[in-house]
file entry_7.tsv (TSV, C-alpha atoms and all ligand atoms)
chain	number	residue	atom	x	y	z
A	1	MET	CA	55.75	-109.34	14.48
A	2	ALA	CA	58.00	-106.83	16.25
A	3	ALA	CA	56.86	-103.24	16.23
A	4	THR	CA	59.98	-102.23	14.27
A	5	ASP	CA	58.96	-104.48	11.37
A	6	GLN	CA	55.67	-102.66	11.03
A	7	VAL	CA	55.12	-100.84	7.78
A	8	ARG	CA	54.34	-97.18	8.49
A	9	LEU	CA	51.54	-95.94	6.29
A	10	LEU	CA	50.32	-92.43	5.52
A	11	VAL	CA	47.01	-92.02	3.68
A	12	VAL	CA	46.01	-88.89	1.77
A	13	GLU	CA	42.26	-89.05	1.28
A	14	ASP	CA	39.64	-86.29	1.40
A	15	VAL	CA	36.53	-88.51	1.23
A	16	PRO	CA	35.81	-89.26	4.91
A	17	GLN	CA	34.04	-92.57	4.17
A	18	VAL	CA	37.02	-93.93	2.27
A	19	GLY	CA	39.42	-92.80	4.99
A	20	GLN	CA	37.22	-94.46	7.58
A	21	TYR	CA	37.02	-97.65	5.51
A	22	ILE	CA	40.84	-97.88	5.34
A	23	ARG	CA	41.08	-97.29	9.09
A	24	SER	CA	38.60	-100.09	9.76
A	25	LEU	CA	40.45	-102.51	7.47
A	26	LEU	CA	43.71	-101.87	9.34
A	27	ASN	CA	42.19	-101.84	12.79
A	28	SER	CA	42.61	-105.44	13.75
A	29	GLN	CA	46.13	-106.15	12.54
A	30	GLN	CA	49.70	-105.32	13.58
A	31	GLN	CA	51.63	-105.45	10.31
A	32	ILE	CA	50.71	-101.99	9.15
A	33	LYS	CA	50.68	-98.91	11.32
A	34	LEU	CA	48.40	-96.20	10.03
A	35	LEU	CA	50.11	-92.92	10.94
A	36	ASP	CA	47.46	-90.53	9.73
A	37	VAL	CA	44.73	-89.93	7.17
A	38	MET	CA	45.30	-86.45	5.73
A	39	SER	CA	42.81	-84.58	3.61
A	40	ASP	CA	44.92	-81.53	2.67
A	41	GLY	CA	47.40	-82.34	-0.09
A	42	SER	CA	49.41	-79.17	0.50
A	43	LYS	CA	50.60	-80.40	3.91
A	44	VAL	CA	51.70	-83.86	2.85
A	45	ALA	CA	55.36	-83.14	2.03
A	46	SER	CA	56.03	-81.66	5.48
A	47	GLN	CA	54.17	-84.51	7.17
A	48	ILE	CA	56.27	-87.05	5.31
A	49	ALA	CA	59.39	-85.34	6.62
A	50	GLN	CA	58.01	-85.53	10.13
A	51	LEU	CA	56.22	-88.90	10.23
A	52	ARG	CA	58.62	-90.79	7.95
A	53	PRO	CA	56.17	-93.27	6.49
A	54	ASP	CA	57.36	-96.33	4.55
A	55	VAL	CA	54.44	-96.13	2.12
A	56	VAL	CA	52.03	-93.35	1.14
A	57	ILE	CA	48.59	-93.92	-0.38
A	58	VAL	CA	47.31	-90.93	-2.37
A	59	ASP	CA	43.76	-90.70	-3.66
A	60	ALA	CA	44.28	-89.80	-7.31
A	61	LEU	CA	40.91	-88.04	-7.22
A	62	LEU	CA	41.98	-85.84	-4.28
A	63	GLN	CA	40.41	-82.37	-4.47
A	64	GLY	CA	41.49	-79.12	-2.86
A	65	ARG	CA	44.45	-76.82	-3.44
A	66	VAL	CA	46.77	-79.65	-4.40
A	67	LYS	CA	45.00	-82.30	-6.45
A	68	GLY	CA	45.95	-86.00	-6.43
A	69	PRO	CA	48.07	-86.14	-9.61
A	70	THR	CA	49.85	-82.89	-8.69
A	71	LEU	CA	50.69	-84.23	-5.26
A	72	ILE	CA	52.09	-87.45	-6.71
A	73	ALA	CA	54.21	-85.43	-9.16
A	74	GLN	CA	55.42	-83.15	-6.35
A	75	LEU	CA	56.46	-86.05	-4.14
A	76	HIS	CA	58.31	-87.57	-7.06
A	77	ALA	CA	60.10	-84.32	-7.93
A	78	ALA	CA	61.06	-83.77	-4.29
A	79	ARG	CA	62.58	-87.26	-4.14
A	80	ALA	CA	60.50	-87.93	-1.05
A	81	GLY	CA	62.13	-91.35	-0.80
A	82	VAL	CA	58.86	-93.20	-0.20
A	83	PRO	CA	56.77	-95.31	-2.59
A	84	VAL	CA	53.31	-94.06	-3.52
A	85	ILE	CA	50.20	-96.15	-4.12
A	86	ALA	CA	47.64	-94.26	-6.21
A	87	LEU	CA	44.07	-94.95	-5.20
A	88	THR	CA	41.53	-94.73	-7.99
A	89	VAL	CA	38.19	-96.00	-9.31
A	90	PRO	CA	37.62	-98.38	-12.26
A	91	GLN	CA	36.20	-95.51	-14.36
A	92	LYS	CA	39.54	-93.67	-14.10
A	93	PRO	CA	42.15	-96.37	-14.62
A	94	ILE	CA	45.78	-95.53	-13.84
A	95	GLU	CA	48.87	-97.55	-14.77
A	96	PRO	CA	51.69	-97.97	-12.25
A	97	ASP	CA	54.67	-95.93	-13.43
A	98	PRO	CA	57.56	-95.69	-10.95
A	99	GLU	CA	59.33	-93.28	-13.33
A	100	GLN	CA	56.49	-90.85	-12.61
A	101	GLY	CA	56.26	-91.60	-8.92
A	102	ILE	CA	53.33	-94.06	-9.12
A	103	HIS	CA	54.75	-97.24	-7.61
A	104	ALA	CA	51.48	-99.17	-7.45
A	105	VAL	CA	47.76	-98.67	-8.03
A	106	LEU	CA	44.81	-99.75	-5.92
A	107	SER	CA	41.37	-99.56	-7.47
A	108	MET	CA	38.14	-99.37	-5.51
A	109	PRO	CA	36.48	-101.45	-4.25
A	110	PHE	CA	39.25	-103.33	-2.45
A	111	SER	CA	39.40	-105.78	0.43
A	112	GLY	CA	41.63	-105.75	3.49
A	113	TYR	CA	43.70	-108.44	1.83
A	114	ASP	CA	44.14	-106.32	-1.35
A	115	LEU	CA	45.17	-103.31	0.69
A	116	ILE	CA	47.68	-105.07	2.93
A	117	SER	CA	49.27	-107.18	0.21
A	118	ARG	CA	49.64	-104.15	-2.09
A	119	ILE	CA	51.34	-102.18	0.69
A	120	HIS	CA	53.78	-105.01	1.44
A	121	ALA	CA	54.54	-105.59	-2.23
A	122	VAL	CA	55.24	-101.95	-3.02
A	123	GLN	CA	57.47	-101.55	0.01
A	124	ALA	CA	59.49	-104.66	-0.80
A	125	THR	CA	60.03	-103.64	-4.43
A	126	PHE	CA	60.96	-100.11	-3.46
A	127	GLN	CA	63.52	-101.32	-0.92
A	128	GLU	CA	65.08	-103.61	-3.49
A	129	THR	CA	65.54	-100.83	-6.03
A	130	GLN	CA	66.97	-98.60	-3.31
A	131	ALA	CA	69.48	-101.19	-2.27
A	132	ALA	CA	70.64	-101.77	-5.83
A	133	GLY	CA	71.67	-98.17	-6.62
A	134	ASN	CA	74.27	-97.30	-9.18
A	135	ALA	CA	77.17	-95.57	-7.51
A	136	ARG	CA	80.51	-97.19	-7.16
A	137	ILE	CA	81.77	-97.06	-3.57
A	138	ILE	CA	85.50	-96.55	-3.21
A	139	THR	CA	86.68	-96.91	0.37
A	140	VAL	CA	90.12	-95.49	1.04
A	141	PHE	CA	91.80	-97.24	3.93
A	142	ALA	CA	95.25	-97.50	5.47
A	143	PRO	CA	96.65	-100.03	7.91
A	144	LYS	CA	98.49	-97.18	9.62
A	145	GLY	CA	97.73	-93.55	10.48
A	146	GLY	CA	99.23	-90.50	8.85
A	147	VAL	CA	100.12	-92.09	5.53
A	148	GLY	CA	97.90	-89.81	3.42
A	149	THR	CA	94.48	-91.53	3.43
A	150	THR	CA	92.56	-88.27	3.74
A	151	THR	CA	94.77	-86.43	1.26
A	152	VAL	CA	94.32	-89.17	-1.34
A	153	ALA	CA	90.57	-89.64	-0.69
A	154	LEU	CA	89.83	-85.92	-1.06
A	155	ASN	CA	91.85	-85.44	-4.22
A	156	LEU	CA	90.53	-88.65	-5.79
A	157	ALA	CA	86.96	-87.47	-5.16
A	158	VAL	CA	87.65	-84.07	-6.71
A	159	ALA	CA	89.35	-85.68	-9.71
A	160	PHE	CA	86.31	-87.94	-10.24
A	161	SER	CA	84.11	-84.86	-10.16
A	162	GLN	CA	86.40	-83.12	-12.66
A	163	ALA	CA	85.95	-86.17	-14.90
A	164	GLY	CA	82.22	-85.48	-14.92
A	165	ARG	CA	81.15	-88.01	-12.28
A	166	ARG	CA	78.68	-86.91	-9.64
A	167	THR	CA	80.79	-87.50	-6.58
A	168	ALA	CA	80.28	-87.57	-2.83
A	169	LEU	CA	82.92	-87.90	-0.16
A	170	ILE	CA	82.10	-89.38	3.24
A	171	ASP	CA	84.37	-88.37	6.10
A	172	ALA	CA	84.23	-91.60	8.04
A	173	SER	CA	87.14	-90.57	10.26
A	174	LEU	CA	84.28	-90.38	12.69
A	175	GLN	CA	86.37	-89.41	15.67
A	176	PHE	CA	88.91	-87.02	14.25
A	177	GLY	CA	87.48	-86.04	10.88
A	178	ASP	CA	89.97	-83.90	9.02
A	179	LEU	CA	87.99	-82.68	6.08
A	180	ARG	CA	86.24	-79.88	7.92
A	181	ALA	CA	89.55	-78.27	8.83
A	182	LEU	CA	91.19	-79.14	5.53
A	183	LEU	CA	88.48	-77.45	3.47
A	184	LYS	CA	87.82	-74.60	5.90
A	185	VAL	CA	84.21	-75.68	6.42
A	186	PRO	CA	82.52	-73.70	9.23
A	187	MET	CA	82.08	-75.58	12.51
A	188	THR	CA	78.36	-74.91	12.25
A	189	ALA	CA	77.98	-76.84	8.98
A	190	PRO	CA	75.86	-79.95	9.61
A	191	SER	CA	77.45	-83.37	9.87
A	192	ILE	CA	76.51	-87.02	9.85
A	193	VAL	CA	75.13	-86.67	13.42
A	194	ASP	CA	72.47	-84.26	12.15
A	195	LEU	CA	70.78	-87.03	10.19
A	196	PRO	CA	67.68	-88.53	11.81
A	197	THR	CA	68.47	-91.63	13.79
A	198	ASP	CA	65.63	-93.88	12.70
A	199	ARG	CA	64.54	-93.23	9.15
A	200	ILE	CA	66.81	-91.28	6.87
A	201	ALA	CA	65.28	-89.95	3.66
A	202	GLU	CA	66.99	-88.51	0.60
A	203	THR	CA	65.84	-85.01	1.48
A	204	ASP	CA	67.55	-85.27	4.89
A	205	LEU	CA	70.79	-86.17	3.18
A	206	SER	CA	70.64	-83.25	0.81
A	207	ASP	CA	70.09	-80.91	3.79
A	208	VAL	CA	73.12	-82.25	5.59
A	209	LEU	CA	75.67	-82.65	2.81
A	210	TRP	CA	78.25	-79.88	2.44
A	211	ARG	CA	78.42	-78.67	-1.16
A	212	ASP	CA	82.06	-77.85	-1.48
A	213	PRO	CA	83.31	-75.28	-4.00
A	214	SER	CA	85.56	-78.04	-5.37
A	215	GLY	CA	82.45	-79.61	-6.91
A	216	ILE	CA	81.95	-82.56	-4.55
A	217	ASP	CA	79.32	-83.09	-1.87
A	218	ILE	CA	80.73	-84.04	1.51
A	219	LEU	CA	79.13	-85.84	4.43
A	220	LEU	CA	81.19	-84.37	7.24
A	221	ALA	CA	82.28	-86.17	10.39
A	222	PRO	CA	80.85	-84.97	13.72
A	223	PRO	CA	82.34	-81.68	14.92
A	224	ARG	CA	83.02	-83.08	18.39
A	225	VAL	CA	85.11	-86.13	19.17
A	226	GLU	CA	82.67	-87.83	21.53
A	227	GLN	CA	79.80	-87.63	19.04
A	228	HIS	CA	81.19	-90.45	16.92
A	229	GLU	CA	79.49	-92.97	19.21
A	230	MET	CA	76.12	-91.86	17.90
A	231	ILE	CA	76.80	-93.33	14.47
A	232	THR	CA	75.88	-96.98	14.05
A	233	VAL	CA	76.60	-99.55	11.35
A	234	ARG	CA	72.91	-99.44	10.50
A	235	ASP	CA	73.05	-95.67	9.94
A	236	LEU	CA	76.01	-96.09	7.61
A	237	ASP	CA	74.30	-98.84	5.61
A	238	LYS	CA	71.21	-96.73	5.20
A	239	ILE	CA	73.23	-93.64	4.24
A	240	LEU	CA	75.17	-95.59	1.62
A	241	SER	CA	72.07	-97.15	0.10
A	242	LEU	CA	70.48	-93.72	-0.28
A	243	MET	CA	73.64	-92.07	-1.60
A	244	ARG	CA	74.18	-94.86	-4.11
A	245	ARG	CA	71.05	-93.76	-5.89
A	246	VAL	CA	72.11	-90.15	-6.20
A	247	TYR	CA	75.83	-90.29	-7.01
A	248	ASP	CA	78.05	-91.97	-9.57
A	249	ILE	CA	80.97	-92.25	-7.19
A	250	ILE	CA	81.11	-92.33	-3.40
A	251	VAL	CA	84.58	-92.01	-1.91
A	252	VAL	CA	84.91	-92.91	1.76
A	253	ASP	CA	87.78	-91.63	3.92
A	254	THR	CA	88.22	-94.04	6.81
A	255	MET	CA	90.00	-93.99	10.13
A	256	VAL	CA	92.71	-96.39	11.16
A	257	GLY	CA	91.73	-99.64	12.83
A	258	LEU	CA	89.01	-102.17	12.26
A	259	ASP	CA	86.19	-100.50	14.11
A	260	GLU	CA	82.96	-102.35	13.19
A	261	ARG	CA	81.80	-99.29	11.28
A	262	THR	CA	84.98	-99.22	9.25
A	263	VAL	CA	84.46	-102.90	8.47
A	264	ALA	CA	80.94	-102.08	7.27
A	265	LEU	CA	82.39	-99.43	4.96
A	266	LEU	CA	84.98	-101.89	3.68
A	267	ASP	CA	82.26	-104.54	3.15
A	268	ALA	CA	80.11	-102.08	1.21
A	269	ALA	CA	82.99	-101.00	-1.02
A	270	ASP	CA	83.16	-102.05	-4.63
A	271	THR	CA	86.84	-101.18	-4.47
A	272	ILE	CA	89.11	-100.70	-1.48
A	273	ILE	CA	92.08	-98.44	-2.06
A	274	GLU	CA	94.64	-99.38	0.55
A	275	ILE	CA	97.27	-96.70	1.08
A	276	VAL	CA	100.76	-98.00	1.70
A	277	THR	CA	104.08	-96.21	2.08
A	278	PHE	CA	107.67	-97.30	2.17
A	279	ASP	CA	108.13	-97.91	5.85
A	280	SER	CA	108.51	-101.06	7.82
A	281	THR	CA	105.45	-100.67	10.08
A	282	THR	CA	103.17	-100.08	7.10
A	283	ILE	CA	104.59	-103.12	5.38
A	284	HIS	CA	104.05	-105.22	8.48
A	285	ASN	CA	100.49	-103.95	8.98
A	286	THR	CA	99.73	-104.45	5.31
A	287	LEU	CA	100.57	-108.12	5.66
A	288	VAL	CA	98.26	-108.42	8.66
A	289	MET	CA	95.49	-106.63	6.76
A	290	ALA	CA	95.84	-108.89	3.73
A	291	ASP	CA	95.13	-111.84	6.06
A	292	THR	CA	92.18	-110.04	7.57
A	293	PHE	CA	90.71	-109.22	4.17
A	294	ARG	CA	91.07	-112.87	3.18
A	295	SER	CA	89.26	-113.98	6.31
A	296	LEU	CA	86.51	-111.43	5.62
A	297	GLY	CA	86.10	-113.20	2.29
A	298	TYR	CA	87.16	-110.30	0.06
A	299	PRO	CA	88.33	-111.38	-3.39
A	300	PRO	CA	91.88	-110.15	-4.16
A	301	THR	CA	90.51	-107.86	-6.90
A	302	LYS	CA	88.47	-105.91	-4.37
A	303	VAL	CA	91.62	-104.43	-2.84
A	304	ARG	CA	93.94	-102.20	-4.86
A	305	TYR	CA	97.14	-100.86	-3.35
A	306	LEU	CA	98.20	-97.26	-3.75
A	307	VAL	CA	101.76	-96.35	-2.82
A	308	ASN	CA	101.70	-92.82	-1.49
A	309	ARG	CA	104.90	-90.77	-1.59
A	310	ALA	CA	106.06	-93.45	-3.98
A	311	ASP	CA	109.27	-91.58	-4.75
A	312	SER	CA	110.38	-91.51	-1.09
A	313	SER	CA	111.42	-95.07	-0.50
A	314	GLY	CA	113.54	-94.17	2.53
A	315	GLY	CA	115.95	-96.94	1.67
A	316	ILE	CA	113.36	-99.71	1.53
A	317	PRO	CA	113.68	-101.54	-1.81
A	318	GLU	CA	110.59	-101.50	-3.99
A	319	GLN	CA	110.66	-105.29	-4.15
A	320	ASP	CA	110.19	-105.52	-0.37
A	321	LEU	CA	106.87	-103.73	-0.62
A	322	ALA	CA	105.78	-105.81	-3.60
A	323	ALA	CA	106.82	-108.99	-1.78
A	324	ALA	CA	104.78	-108.00	1.29
A	325	ILE	CA	101.72	-107.24	-0.80
A	326	GLY	CA	102.23	-110.25	-3.02
A	327	ARG	CA	101.94	-108.18	-6.19
A	328	ILE	CA	103.09	-104.95	-7.79
A	329	PRO	CA	100.97	-102.15	-6.29
A	330	GLU	CA	98.35	-100.98	-8.76
A	331	HIS	CA	98.72	-97.23	-8.15
A	332	GLN	CA	101.36	-94.70	-7.24
A	333	VAL	CA	101.26	-91.09	-6.10
A	334	VAL	CA	104.45	-89.09	-5.67
A	335	SER	CA	105.43	-86.92	-2.75
A	336	ASP	CA	105.07	-83.15	-2.98
A	337	GLY	CA	105.47	-81.57	0.44
A	338	ARG	CA	105.30	-78.00	-0.86
A	339	LEU	CA	102.07	-78.36	-2.84
A	340	VAL	CA	100.27	-80.58	-0.31
A	341	VAL	CA	100.99	-78.19	2.55
A	342	GLN	CA	100.10	-75.14	0.47
A	343	SER	CA	96.81	-76.63	-0.73
A	344	ASN	CA	95.91	-77.69	2.80
A	345	ASN	CA	96.62	-74.19	4.07
A	346	GLU	CA	94.50	-72.64	1.37
A	347	GLY	CA	91.70	-75.19	1.59
A	348	VAL	CA	91.89	-76.01	-2.12
A	349	PRO	CA	92.55	-79.63	-3.17
A	350	PHE	CA	95.83	-79.79	-5.07
A	351	VAL	CA	94.28	-81.40	-8.16
A	352	LEU	CA	92.48	-78.06	-8.63
A	353	ALA	CA	95.18	-75.73	-7.29
A	354	GLU	CA	97.89	-77.15	-9.56
A	355	PRO	CA	96.50	-79.65	-12.04
A	356	SER	CA	99.77	-79.81	-13.96
A	357	ALA	CA	101.85	-80.89	-10.92
A	358	ARG	CA	103.09	-84.46	-11.01
A	359	ILE	CA	101.17	-85.39	-7.85
A	360	SER	CA	97.90	-84.10	-9.39
A	361	GLN	CA	98.54	-86.01	-12.58
A	362	ASP	CA	99.18	-89.14	-10.54
A	363	ILE	CA	95.78	-88.77	-8.91
A	364	VAL	CA	94.11	-88.28	-12.30
A	365	THR	CA	95.86	-91.43	-13.54
A	366	VAL	CA	94.43	-93.38	-10.57
A	367	VAL	CA	90.97	-92.06	-11.42
A	368	ASN	CA	91.38	-93.08	-15.07
A	369	GLN	CA	92.57	-96.53	-14.02
A	370	LEU	CA	89.55	-96.94	-11.74
A	371	MET	CA	87.14	-95.73	-14.40
A	372	ALA	CA	88.66	-98.20	-16.85
A	373	LEU	CA	87.54	-101.00	-14.49
A	374	ASP	CA	83.96	-100.07	-15.42
A	375	ARG	CA	84.72	-100.81	-19.05
A	376	PRO	CA	86.41	-104.21	-18.98
A	377	ALA	CA	86.01	-104.77	-22.71
A	378	VAL	CA	87.74	-101.51	-23.58
A	379	ALA	CA	90.40	-102.01	-20.94
A	380	ALA	CA	91.14	-105.48	-22.31
A	381	ARG	CA	91.64	-104.12	-25.81
A	382	SER	CA	93.92	-101.23	-24.85
B	401	LIG	N1	101.87	-87.41	-1.41
B	401	LIG	C1	102.17	-86.60	-0.40
B	401	LIG	N2	103.20	-85.72	-0.46
B	401	LIG	C2	103.49	-84.91	0.55
B	401	LIG	N3	102.82	-84.87	1.71
B	401	LIG	C3	101.80	-85.72	1.87
B	401	LIG	C4	101.41	-86.62	0.83
B	401	LIG	N4	100.33	-87.33	1.27
B	401	LIG	C5	100.08	-86.89	2.52
B	401	LIG	N5	100.94	-85.93	2.89
B	401	LIG	C6	101.02	-85.24	4.20
B	401	LIG	O1	101.03	-86.25	5.19
B	401	LIG	C7	100.29	-85.85	6.34
B	401	LIG	C8	99.22	-86.89	6.64
B	401	LIG	O2	98.25	-86.89	5.58
B	401	LIG	P1	96.74	-87.26	5.82
B	401	LIG	O3	96.15	-86.45	6.88
B	401	LIG	O4	96.13	-87.26	4.50
B	401	LIG	O5	96.95	-88.74	6.33
B	401	LIG	P2	95.91	-89.74	7.01
B	401	LIG	O6	96.41	-91.08	6.69
B	401	LIG	O7	94.54	-89.40	6.62
B	401	LIG	O8	96.13	-89.39	8.54
B	401	LIG	P3	95.20	-89.77	9.80
B	401	LIG	O9	95.62	-91.14	10.21
B	401	LIG	O10	95.55	-88.71	10.80
B	401	LIG	O11	93.77	-89.71	9.34
B	401	LIG	C9	99.71	-84.50	6.02
B	401	LIG	O12	100.52	-83.52	6.59
B	401	LIG	C10	99.76	-84.44	4.52
B	401	LIG	O13	99.88	-83.11	4.10
B	402	MG	MG	92.80	-89.06	7.75
call {"tool": "encode", "arguments": {"input": "entry_7.tsv", "output": "structure tokens", "more": "lines below"}}
Ligand SMILES: Nc1ncnc2c1ncn2[C@@H]1O[C@H](COP(=O)(O)OP(=O)(O)OP(=O)(O)O)[C@@H](O)[C@H]1O
Ligand SMILES: [Mg+2]
result
Amino acid sequence: MAATDQVRLLVVEDVPQVGQYIRSLLNSQQQIKLLDVMSDGSKVASQIAQLRPDVVIVDALLQGRVKGPTLIAQLHAARAGVPVIALTVPQKPIEPDPEQGIHAVLSMPFSGYDLISRIHAVQATFQETQAAGNARIITVFAPKGGVGTTTVALNLAVAFSQAGRRTALIDASLQFGDLRALLKVPMTAPSIVDLPTDRIAETDLSDVLWRDPSGIDILLAPPRVEQHEMITVRDLDKILSLMRRVYDIIVVDTMVGLDERTVALLDAADTIIEIVTFDSTTIHNTLVMADTFRSLGYPPTKVRYLVNRADSSGGIPEQDLAAAIGRIPEHQVVSDGRLVVQSNNEGVPFVLAEPSARISQDIVTVVNQLMALDRPAVAARS
């Protein structure tokens, strides 16, 4: 088995004989890497941040300043992002309860087989629940630059938050992220490159996300252009699977082109909002994209078209756009040069700066239409 497939284990045990017994059981195998046996419960949280174990075993009878049950509760409350196996004795039975941070139980005496199979099982189950998550991922994409992808993504995210959804926005314009400048975020604010490269935990994410006054949390793009290369598809997958557990809605602002990372963000999307405008290059590129999406195996319902600046047709008949797309675009947002420029200059998304403006109401309508997709029965009746 490759070293990277090893399960990284941290043990919290203050009885030296038990610690030694676990060490000896794991000595002659490669599947599980024992990182440390710690006896002081008060140091465990910081060690988890540093060592990044996949599984932690905590002796439920741990003594000292932080006792076993307290430690388990603390790790749970801190969303340590790692499953815990409680170690106990038959006289003090414990039931597994993932809601309370006890993902599995191991009772003494146990064999090497018991130990290793319990570790594998708990890790597999934990990974599955992580991957499932709840959030809906909405990836905003355009087949051409400068058509309003960032403007729409930001205001959609804020409108979702205004509708009571816990919302995050990922600036995946990895090379030339605009959100930092748009929202007047200091250059020193951390970005996606500040996340650890190997094992990202939920606590790392919460340290790095920018909590914007508009009510959304933003994962900023790197501050420097060349840093985008540090972000891999694997990082993005991991980030999304963690964020899915924390948020109701994740809006992703993408860059133009089918960079493999952008494809990963399109793959992961529950809904792709493709921004189109009335101009001949967009229409041409939209056709090309529709083919690409088909070859990527996306069902037609995954992609929803949003016509930005829908009232500025520039002489192109509406039917031409519909013919290119093969359907009437699902969403429309009007043009409002004055308000968009003003809100960009002030760093306040226009849905907050002027909620009664037509453009803001259009965004809210898009959000309501997207939320209605979650309630098919209701939508069908209305
Ligand atoms: N509905 C709109 N009404 C008026 N101006 C708009 C509208 N949408 C976008 N804009 C303006 O169009 C310009 C491009 O917008 P934005 O940066 O959102 O596009 P983008 O597609 O993300 O661009 P890039 O390809 O550079 O990432 C900005 O100046 C923005 O203020
Ligand atoms: Mg942009």
call {"tool": "closest_residue", "arguments": {"input": "entry_7.tsv", "among": "A:Ala142, A:Val348, A:Val122, A:Ala310", "to": "Thr254 in chain A", "atoms": "only C-alpha atoms"}}
result
A:Ala142
call {"tool": "closest_atom_pairs", "arguments": {"input": "entry_7.tsv", "of": "range 198-279 of chain A", "to": "range 283-298 of chain A", "cutoff": "8 Å", "atoms": "all atoms listed in the file", "output": "tab-separated table"}}
result
residue	atom	partner	partner_atom	distance
A:Val276	CA	A:Ile283	CA	7.4
A:Thr277	CA	A:Ile283	CA	7.7
A:Phe278	CA	A:Ile283	CA	7.3
A:Asp279	CA	A:Ile283	CA	6.3
call {"tool": "atom_distance", "arguments": {"input": "entry_7.tsv", "atom1": "CA of Thr262 in chain A", "atom2": "CA of Ile137 in chain A"}}
result
13.4 Å
call {"tool": "residues_near_ligand", "arguments": {"input": "entry_7.tsv", "ligand": "ligand MG 402 (chain B)", "cutoff": "10 Å", "atoms": "all atoms listed in the file", "output": "list in words"}}
result
Val140, Phe141, Ala142, Gly145, Gly146, Val147, Gly148, Thr149, Thr150, Thr151, Val152, Ala153, Leu154, Asp171, Ala172, Ser173, Leu174, Phe176, Gly177, Asp178, Leu179, Asp253, Thr254, Met255 and Val256 of chain A
call {"tool": "residues_around", "arguments": {"input": "entry_7.tsv", "residues": "Arg65 in chain A", "least_positions_apart": "6", "cutoff": "12 Å", "atoms": "only C-alpha atoms", "output": "list in words"}}
result
Asp14, Ser39, Asp40, Gly41, Ser42, Lys43, Val44 and Leu71 of chain A
call {"tool": "closest_residue", "arguments": {"input": "entry_7.tsv", "among": "A:Glu229, A:Asp194, A:Asp248, A:Glu95", "to": "Ala168 in chain A", "atoms": "all atoms listed in the file"}}
result
A:Asp248
call {"tool": "decode", "arguments": {"input": "entry_7.tsv", "residues": "range 30-34 of chain A", "atoms": "all heavy atoms", "output": "PDB file, in the first residue's frame"}}
result
ATOM      1  N   GLN A  30       1.700  -1.664   7.759  1.00  0.00           N
ATOM      2  CA  GLN A  30       1.927  -0.395   7.048  1.00  0.00           C
ATOM      3  C   GLN A  30       0.642   0.413   6.858  1.00  0.00           C
ATOM      4  O   GLN A  30       0.686   1.553   6.426  1.00  0.00           O
ATOM      5  CB  GLN A  30       2.471  -0.703   5.634  1.00  0.00           C
ATOM      6  CG  GLN A  30       3.772  -1.455   5.624  1.00  0.00           C
ATOM      7  CD  GLN A  30       4.913  -0.576   6.062  1.00  0.00           C
ATOM      8  OE1 GLN A  30       5.021   0.558   5.625  1.00  0.00           O
ATOM      9  NE2 GLN A  30       5.749  -1.095   6.966  1.00  0.00           N
ATOM     10  N   GLN A  31      -0.512  -0.206   7.146  1.00  0.00           N
ATOM     11  CA  GLN A  31      -1.770   0.476   6.791  1.00  0.00           C
ATOM     12  C   GLN A  31      -2.048   1.679   7.674  1.00  0.00           C
ATOM     13  O   GLN A  31      -2.667   2.640   7.251  1.00  0.00           O
ATOM     14  CB  GLN A  31      -2.947  -0.482   6.939  1.00  0.00           C
ATOM     15  CG  GLN A  31      -2.816  -1.725   6.115  1.00  0.00           C
ATOM     16  CD  GLN A  31      -3.862  -2.745   6.532  1.00  0.00           C
ATOM     17  OE1 GLN A  31      -4.976  -2.407   6.900  1.00  0.00           O
ATOM     18  NE2 GLN A  31      -3.503  -4.004   6.466  1.00  0.00           N
ATOM     19  N   ILE A  32      -1.599   1.574   8.925  1.00  0.00           N
ATOM     20  CA  ILE A  32      -1.894   2.652   9.862  1.00  0.00           C
ATOM     21  C   ILE A  32      -0.598   3.231  10.395  1.00  0.00           C
ATOM     22  O   ILE A  32       0.301   2.499  10.814  1.00  0.00           O
ATOM     23  CB  ILE A  32      -2.784   2.139  11.006  1.00  0.00           C
ATOM     24  CG1 ILE A  32      -4.153   1.822  10.400  1.00  0.00           C
ATOM     25  CG2 ILE A  32      -2.920   3.179  12.122  1.00  0.00           C
ATOM     26  CD1 ILE A  32      -5.007   0.968  11.206  1.00  0.00           C
ATOM     27  N   LYS A  33      -0.516   4.565  10.322  1.00  0.00           N
ATOM     28  CA  LYS A  33       0.696   5.223  10.805  1.00  0.00           C
ATOM     29  C   LYS A  33       0.369   5.884  12.137  1.00  0.00           C
ATOM     30  O   LYS A  33      -0.470   6.791  12.199  1.00  0.00           O
ATOM     31  CB  LYS A  33       1.135   6.268   9.783  1.00  0.00           C
ATOM     32  CG  LYS A  33       2.390   7.013  10.140  1.00  0.00           C
ATOM     33  CD  LYS A  33       2.700   8.015   9.017  1.00  0.00           C
ATOM     34  CE  LYS A  33       3.755   9.029   9.392  1.00  0.00           C
ATOM     35  NZ  LYS A  33       5.079   8.467   9.544  1.00  0.00           N
ATOM     36  N   LEU A  34       1.011   5.409  13.176  1.00  0.00           N
ATOM     37  CA  LEU A  34       0.773   5.983  14.495  1.00  0.00           C
ATOM     38  C   LEU A  34       1.612   7.252  14.631  1.00  0.00           C
ATOM     39  O   LEU A  34       2.838   7.205  14.655  1.00  0.00           O
ATOM     40  CB  LEU A  34       1.141   4.964  15.582  1.00  0.00           C
ATOM     41  CG  LEU A  34       0.942   5.430  17.017  1.00  0.00           C
ATOM     42  CD1 LEU A  34      -0.497   5.861  17.279  1.00  0.00           C
ATOM     43  CD2 LEU A  34       1.345   4.332  18.001  1.00  0.00           C
TER      44      LEU A  34
END
